[in-house]
Amino acid sequence: MNLKERSIQIIKENQHPGGAFIASPNFPNYRFCWLRDGTFIAYALDLNGEHEAARKFYTWVNTRLQEQTGKIDLLGDKIRAREELSSRDFLPTRYTLEGAEHEDDWPNFQLDGYGAWLWGLAEHLRLTGAQRLPEEFAPSIRATVKYLALCWQFPNYDCWEEYPDKIHTSTLICLYGGILAAAGLLAREDWVDLAGEIKGFIVKNQINNGHLVKYVGSEEVDASLLWAALPFNLLAPDDPVMQKTVQKVEADLLHQGVHRYAADTYYGGGEWVHLTAWLGWYYARTGRKGEARQLLSWVGAQADADGSLPEQVCAHLNDPAFYPIWIERWGPVAKPLLWAHAMYLVLLHELEANGQLK
């Protein structure tokens with residue numbers, strides 16, 4: 001089986017006609033569209049020339065954000081008036097495939113996806129050779145940056161839907177990359193300054209013992225900190241802080257695949273397919289091609305007979321006692337996870353583009 005072709009097929013088969021990507025079709029709690037997942041899925045498609053499917057996603061998000069401008073204005077009024085805020089005052093982290101907010105108790109206040117979308121839109125335009133920003137995107141870009149400027153200093157759920165009382169480094173990394181990309185699209189120097197302010201906060205508050213940490217006050221790493229180098233370029237891959245962060249990830253989280261973080265107990269805390277591809281992406285970008293190929297091979301080996309990649313592999317767990325608890329609660333691990341297929345494609349493209357597969 002050609003896993004590259006199969007991954008593209010799985011992704012495109014699971015795109016709603018309106019443009020949304022389902023996170024996982026066979027896992028009830030993931031039958032929604034996250035901007036974070038969707039952005040990296042669209043990016044993988046763009047790298048492989050599937051520009052129309054990517055365009056449909058960015059256009060779908062653009063429509064959702066245009067629908068949210070009133071909510072963003074109201075949030076700004078409440079913040080300035082120092083009124084008490086609830087999770088419903090913030091934009092949703094996931095939408096139904098038709099584009100509606102889903103009324104449930106899912107961890108709602110997450111900012112990272114909105115930053116990721118800004119970055120992804122700029123990449124889509126770059127990879128498709130667009131000479132200018134289509135006018136219909138400008139209002140939603142301005143609304144998104146306005147929203148992030150209002151909220152970036154607030155504690156909120158991380159990219160794993162956890163720890164709502166923390167200020168998460170990977171979230172701010174996404175915001176930095178997204179706002180800086182938006183500044184380039186609309187020539188906004190004030191947004192460059194905002195991105196610089198966010199980076200300054202990270203440097204001051206989210207580096208400990210020479211490496212990035214999971215959140216303010218932590219001493220631990222999370223594999224999502226790899227995003228600081230790729231793709232958001234907060235730190236160059238060879239920056240000493242980035243190198244030490246990767247070394248800490250390798251020491252604490254790398255088995256055959258990569259765990260999210262050391263204390264993770266979701267399905268026991270297994271090795272995550274898309275994070276393993278991410279570390280491989282970093283290896284490929286920094287010339288460690290043998291190790292990159294090894295991780296690509298590991299990721300590919302996790303595909304089942306149908307070519308579907310899971311969210312995580314539960315052979316080596318942080319805490320095996322939690323595995324049956326999650327099985328009983330939510331059923332088997334999500335498979336296929338479109339984000340996992342996307343990051344396989346990203347790593348494969350990086351290796352192919354640089355002649356590193358041999």
# chains A, B, ... in the order shown; residues from 1 in each chain; ligands from 1
$ residues_around --residues "region 206-216 of chain A" --least-positions-apart "2" --cutoff "6 Å" --atoms "only C-alpha atoms" --output "JSON, numbers by chain"
{"A": [167, 168, 169, 202, 203, 218, 219, 220, 221, 222, 241, 244, 245]}
$ write_last_selection --atoms "C-alpha atoms" --output "PDB file, in the first residue's frame"
ATOM      1  CA  ILE A 167      -0.797  29.880  30.226  1.00  0.00           C
ATOM      2  CA  HIS A 168       0.533  27.334  27.748  1.00  0.00           C
ATOM      3  CA  THR A 169       3.706  27.823  25.783  1.00  0.00           C
ATOM      4  CA  ILE A 202       7.591  33.406  26.366  1.00  0.00           C
ATOM      5  CA  VAL A 203      11.275  34.228  26.733  1.00  0.00           C
ATOM      6  CA  SER A 218       6.286  24.234  34.940  1.00  0.00           C
ATOM      7  CA  GLU A 219       9.676  22.558  34.694  1.00  0.00           C
ATOM      8  CA  GLU A 220       8.485  19.888  32.244  1.00  0.00           C
ATOM      9  CA  VAL A 221       8.333  19.704  28.473  1.00  0.00           C
ATOM     10  CA  ASP A 222       5.485  18.865  26.132  1.00  0.00           C
ATOM     11  CA  VAL A 241      17.066  26.986  23.711  1.00  0.00           C
ATOM     12  CA  LYS A 244      17.932  21.944  24.669  1.00  0.00           C
ATOM     13  CA  THR A 245      14.142  21.688  24.404  1.00  0.00           C
TER      14      THR A 245
END
$ residues_around --residues "Ala236 (chain A)" --least-positions-apart "4" --cutoff "12 Å" --atoms "only C-alpha atoms" --output "list in words"
Leu226, Trp227, Ala228, Ala229, Leu230, Pro231, Phe232, Pro240, Val241, Met242, Gln243, Thr245, Tyr282, Arg285 and Thr286 of chain A
$ residues_around --residues "Gln256 (chain A)" --least-positions-apart "5" --cutoff "12 Å" --atoms "only C-alpha atoms" --output "ChimeraX atom specification"
/A:250-251,270-273,275-277,279-280,291,294-299,301-302,313-317
$ write_last_selection --atoms "N, CA and C atoms" --output "short mmCIF file (atom, residue, chain, number, x, y, z; two decimals), in the first residue's frame"
data_model
loop_
_atom_site.label_atom_id
_atom_site.label_comp_id
_atom_site.auth_asym_id
_atom_site.auth_seq_id
_atom_site.Cartn_x
_atom_site.Cartn_y
_atom_site.Cartn_z
N GLU A 250 13.51 14.41 23.86
CA GLU A 250 14.09 13.09 23.58
C GLU A 250 14.31 12.29 24.86
N ALA A 251 14.81 12.95 25.88
CA ALA A 251 15.12 12.26 27.14
C ALA A 251 13.86 11.81 27.87
N GLY A 270 0.04 7.03 25.64
CA GLY A 270 0.85 6.31 24.66
C GLY A 270 1.71 7.22 23.81
N GLU A 271 2.20 6.65 22.72
CA GLU A 271 3.06 7.38 21.77
C GLU A 271 2.17 7.93 20.65
N TRP A 272 2.27 9.23 20.40
CA TRP A 272 1.37 9.90 19.47
C TRP A 272 1.99 9.96 18.08
N VAL A 273 1.20 9.53 17.12
CA VAL A 273 1.71 9.37 15.76
C VAL A 273 2.11 10.72 15.18
N LEU A 275 2.91 13.51 16.63
CA LEU A 275 4.04 14.12 17.33
C LEU A 275 5.35 13.43 16.97
N THR A 276 5.28 12.14 16.72
CA THR A 276 6.47 11.42 16.26
C THR A 276 6.90 11.94 14.89
N ALA A 277 5.93 12.17 14.01
CA ALA A 277 6.24 12.77 12.71
C ALA A 277 6.82 14.17 12.89
N LEU A 279 8.68 15.33 15.41
CA LEU A 279 10.09 15.22 15.77
C LEU A 279 10.91 14.81 14.55
N GLY A 280 10.37 13.93 13.73
CA GLY A 280 11.05 13.58 12.49
C GLY A 280 11.23 14.78 11.57
N GLU A 291 17.76 9.59 11.49
CA GLU A 291 16.76 9.55 12.55
C GLU A 291 15.39 9.96 12.03
N GLN A 294 13.96 7.01 10.29
CA GLN A 294 13.57 6.00 11.28
C GLN A 294 12.18 6.33 11.85
N LEU A 295 11.94 7.58 12.16
CA LEU A 295 10.63 7.96 12.70
C LEU A 295 9.55 7.87 11.62
N LEU A 296 9.90 8.22 10.39
CA LEU A 296 8.93 8.05 9.30
C LEU A 296 8.53 6.59 9.18
N SER A 297 9.50 5.70 9.28
CA SER A 297 9.23 4.27 9.19
C SER A 297 8.33 3.82 10.34
N TRP A 298 8.60 4.32 11.53
CA TRP A 298 7.77 3.96 12.69
C TRP A 298 6.34 4.43 12.49
N VAL A 299 6.18 5.67 12.03
CA VAL A 299 4.83 6.20 11.78
C VAL A 299 4.11 5.32 10.76
N ALA A 301 4.53 2.29 10.05
CA ALA A 301 4.25 0.95 10.57
C ALA A 301 3.01 0.91 11.46
N GLN A 302 2.53 2.07 11.87
CA GLN A 302 1.35 2.10 12.74
C GLN A 302 0.05 2.05 11.95
N VAL A 313 -0.49 5.19 19.90
CA VAL A 313 -0.20 3.76 19.97
C VAL A 313 0.04 3.43 21.43
N CYS A 314 -0.61 2.38 21.90
CA CYS A 314 -0.63 2.12 23.34
C CYS A 314 0.23 0.94 23.77
N ALA A 315 1.33 0.72 23.05
CA ALA A 315 2.25 -0.37 23.41
C ALA A 315 3.13 -0.01 24.60
N HIS A 316 3.50 1.25 24.73
CA HIS A 316 4.35 1.71 25.83
C HIS A 316 3.64 2.89 26.50
N LEU A 317 3.01 2.64 27.62
CA LEU A 317 2.15 3.62 28.27
C LEU A 317 2.82 4.25 29.48
#
$ select_by_dssp --residues "region 96-217 of chain A" --states "alpha helix (DSSP H)" --output "ChimeraX atom specification"
/A:112-127,138-151,169-186,189-205
$ select_by_dssp --residues "region 256-321 of chain A" --states "strand (DSSP E or B)" --output "PDB file with C-alpha atoms, in the first residue's frame"
ATOM      1  CA  VAL A 258       6.825  10.341  21.074  1.00  0.00           C
ATOM      2  CA  HIS A 259       4.589  10.809  24.121  1.00  0.00           C
ATOM      3  CA  GLU A 271       3.058   7.375  21.774  1.00  0.00           C
ATOM      4  CA  TRP A 272       1.369   9.903  19.473  1.00  0.00           C
ATOM      5  CA  GLN A 312      -1.771   7.192  19.550  1.00  0.00           C
ATOM      6  CA  VAL A 313      -0.200   3.764  19.969  1.00  0.00           C
TER       7      VAL A 313
END
$ closest_residue --among "A:Ala138, A:Pro310, A:Trp278, A:Glu161" --to "Asp105 (chain A)" --atoms "only C-alpha atoms"
A:Glu161
$ closest_residue --among "A:Lys146, A:His124, A:Lys289, A:His274" --to "Glu352 (chain A)" --atoms "only C-alpha atoms"
A:Lys289
$ closest_residue --among "A:Tyr30, A:Tyr344, A:Tyr157, A:Trp191" --to "Trp330 (chain A)" --atoms "only C-alpha atoms"
A:Tyr30
$ residues_around --residues "Ile79 (chain A)" --least-positions-apart "6" --cutoff "12 Å" --atoms "only C-alpha atoms" --output "list in words"
Ile72, Asp73, Leu85, Ser86, Asp89, Phe90, Tyr147, Ala149, Leu150, Cys151 and Phe154 of chain A
$ write_last_selection --atoms "N, CA and C atoms" --output "PDB file, in the first residue's frame"
ATOM      1  N   ILE A  72     -16.969  38.752  19.087  1.00  0.00           N
ATOM      2  CA  ILE A  72     -15.661  39.305  19.449  1.00  0.00           C
ATOM      3  C   ILE A  72     -15.813  40.736  19.967  1.00  0.00           C
ATOM      4  N   ASP A  73     -16.641  41.537  19.309  1.00  0.00           N
ATOM      5  CA  ASP A  73     -16.878  42.913  19.770  1.00  0.00           C
ATOM      6  C   ASP A  73     -17.487  42.920  21.168  1.00  0.00           C
ATOM      7  N   LEU A  85     -16.561  36.791  32.975  1.00  0.00           N
ATOM      8  CA  LEU A  85     -16.627  36.094  31.709  1.00  0.00           C
ATOM      9  C   LEU A  85     -16.896  34.612  31.922  1.00  0.00           C
ATOM     10  N   SER A  86     -17.609  34.002  30.974  1.00  0.00           N
ATOM     11  CA  SER A  86     -17.808  32.558  30.977  1.00  0.00           C
ATOM     12  C   SER A  86     -17.225  31.980  29.699  1.00  0.00           C
ATOM     13  N   ASP A  89     -18.449  33.129  26.312  1.00  0.00           N
ATOM     14  CA  ASP A  89     -18.094  34.444  25.765  1.00  0.00           C
ATOM     15  C   ASP A  89     -16.984  34.342  24.722  1.00  0.00           C
ATOM     16  N   PHE A  90     -16.271  33.212  24.707  1.00  0.00           N
ATOM     17  CA  PHE A  90     -15.130  33.047  23.818  1.00  0.00           C
ATOM     18  C   PHE A  90     -15.535  32.251  22.574  1.00  0.00           C
ATOM     19  N   TYR A 147      -9.329  39.341  18.339  1.00  0.00           N
ATOM     20  CA  TYR A 147      -9.684  38.358  19.365  1.00  0.00           C
ATOM     21  C   TYR A 147      -8.456  37.883  20.130  1.00  0.00           C
ATOM     22  N   ALA A 149      -5.576  39.385  20.429  1.00  0.00           N
ATOM     23  CA  ALA A 149      -5.008  40.495  21.202  1.00  0.00           C
ATOM     24  C   ALA A 149      -5.766  40.689  22.515  1.00  0.00           C
ATOM     25  N   LEU A 150      -7.062  40.456  22.501  1.00  0.00           N
ATOM     26  CA  LEU A 150      -7.864  40.583  23.715  1.00  0.00           C
ATOM     27  C   LEU A 150      -7.541  39.494  24.739  1.00  0.00           C
ATOM     28  N   CYS A 151      -7.217  38.297  24.249  1.00  0.00           N
ATOM     29  CA  CYS A 151      -7.251  37.111  25.111  1.00  0.00           C
ATOM     30  C   CYS A 151      -5.919  36.437  25.385  1.00  0.00           C
ATOM     31  N   PHE A 154      -4.774  35.499  28.897  1.00  0.00           N
ATOM     32  CA  PHE A 154      -5.668  34.740  29.770  1.00  0.00           C
ATOM     33  C   PHE A 154      -5.253  33.268  29.807  1.00  0.00           C
TER      34      PHE A 154
END
$ atom_distance --atom1 "CA of Trp119 (chain A)" --atom2 "CA of Leu175 (chain A)"
8.8 Å
